[in-house]
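Trainee: This is the structure I want to talk about, given as structure tokens.
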Amino acid sequence: MVLSLQKKEAIVCKIHETAKKSLSAVVASLDGVTVNEVTNLRKEARDLAVCVHVVRNTLMRKVIKNTSFSCLQDILTGQNIIAFSVHQPRDSARVFVKFNKSHKHFKIKGAAFEGKFIPALKINLLSDLPNHEEAISRLMTIMKTSSTGNLIRVLYVLSNQKIKL
């Protein structure tokens, strides 16, 4: 389908707005993936507030040109699908990793997070990030453990001082 210049500009503007407010993005190859499989992937992504787009590479390069995702330009070759995480940085990576487990022909090319490129081999670094609540819980556990350890050390030191007196 041939798109007019106005429609292309509208697509670029719409996706660029999504990219500007996104925390991370993941790119994968669409070779060997059916339309029904992409539809199922989009449904899963929508549940996690992940925006999934299939756009020509020339338009996608314009979308990510002045964003923190410009590091993805080198992997935009062939048929691609891109997912933008709006709420949690890990969401787009989790959706693609889960889809990749059940569809071996689906190949993740890479991701971008905070302006840095993450190769496909290290995509689990992004998908395994804790969400906000998990991160706070881990922090509280560490603080509680360290404060308990400090209390034990203080009591031990105090008990040794009493014995020496």
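Ordering of the structure tokens sets the chain letters (A, B, ...); residue numbers start at 1 within each chain; ligands are numbered from 1 in the order shown.
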Please return, as JSON, numbers by chain, all residues of chain A that DSSP assigns to strand (DSSP E or B) on the basis of the backbone.

Mentor: {"A": [24, 25, 26, 27, 28, 29, 50, 51, 52, 53, 80, 81, 82, 83, 84, 85, 107, 108, 109, 110, 111, 112, 113, 116, 117, 118, 119]}

Trainee: Mind pulling up the distance from atom CA of Ser24 of chain A to atom CA of Val95 of chain A?

Mentor: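 Here the two named atoms are 12.5 Å from each other.
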
Trainee: What lies within 12 Å of Ile15 of chain A using only C-alpha atoms, ignoring chain neighbours under 6 positions off, as a VMD selection string?

Mentor: chain A and resid 8 to 9 21 to 22 25 51 to 55 59 to 65 67 82 to 84

Trainee: Excluding Ala28 of chain A and any residue of its chain fewer than 3 positions from it, enumerate the residues within 6 Å of it, using only C-alpha atoms, and give them as a PyMOL selection string.

Mentor: chain A and resi 80-81+107-109

Trainee: Please list as a ChimeraX atom specification every residue within 10 Å of Val97 of chain A, counting only C-alpha atoms and excluding residues in the same chain fewer than 2 positions away.

Mentor: /A:91-95,99-103,106-108,120,123-124,127

Trainee: Quick one, how far is atom CA of Ala112 of chain A from atom CA of Ser68 of chain A?

Mentor: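 Answer for the atom CA of Ala112 of chain A to atom CA of Ser68 of chain A separation: 7.6 Å.
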
Trainee: Residues of chain A in alpha helix (DSSP H) according to DSSP, as an NGL selection string?

Mentor: :A and (5-20 or 35-47 or 57-63 or 91-102 or 123-127 or 132-164)

Trainee: Taking only C-alpha atoms into account, which of A:Thr141, A:Ser146, A:Ser85, A:Gln6 comes nearest Asp47 of chain A?

Mentor: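 The shortest atom-to-atom distance to Asp47 of chain A comes from A:Ser85.
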
Trainee: I'd like the neighbourhood of His105 of chain A as a list in words, where a residue qualifies if any of its atoms comes within 10 Å (using only C-alpha atoms), though same-chain residues fewer than 5 positions away should be ignored.

Mentor: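 Near neighbours after the sequence-gap exclusion: Ser29, Leu30, Asp31, Gly32, Val33 and Asn100 of chain A.
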
Trainee: Between A:Arg90, A:Ile118, A:Val27, A:Thr145, which has the minimum distance to Gly78 of chain A (counting only C-alpha atoms)?

Mentor: A:Val27

Trainee: Between A:Thr39, A:Ser137, A:Asn131, A:Ser147, which residue has the minimum interatomic distance to Pro89 of chain A, considering only C-alpha atoms?

Mentor: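 Of A:Thr39, A:Ser137, A:Asn131, A:Ser147, the one nearest Pro89 of chain A is A:Asn131, counting only C-alpha atoms.
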
Trainee: Considering only C-alpha atoms, state which residue in the set A:Leu126, A:Phe113, A:Phe96, A:Lys7 is at the smallest distance from Arg42 of chain A.

Mentor: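 Of A:Leu126, A:Phe113, A:Phe96, A:Lys7, the one nearest Arg42 of chain A is A:Phe96, counting only C-alpha atoms.
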
Trainee: With distances taken over only C-alpha atoms, which residue among A:Leu76, A:His16, A:Thr34, A:His87 lies nearest Leu48 of chain A?

Mentor: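 Checking each candidate against Leu48 of chain A, we get A:His87 as the closest.
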
Trainee: One decimal, in Å: what's the spacing between atom CA of Gln73 of chain A and atom CA of Asn57 of chain A?

Mentor: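 Atom-to-atom, atom CA of Gln73 of chain A to atom CA of Asn57 of chain A, that is 8.7 Å.
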
Trainee: Choose the residue, out of A:Cys13, A:Lys116, A:Lys144, A:Arg153, that has the smallest atom-to-atom separation from Cys71 of chain A; count only C-alpha atoms.

Mentor: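 Of all the options, A:Lys116 lies closest to Cys71 of chain A.
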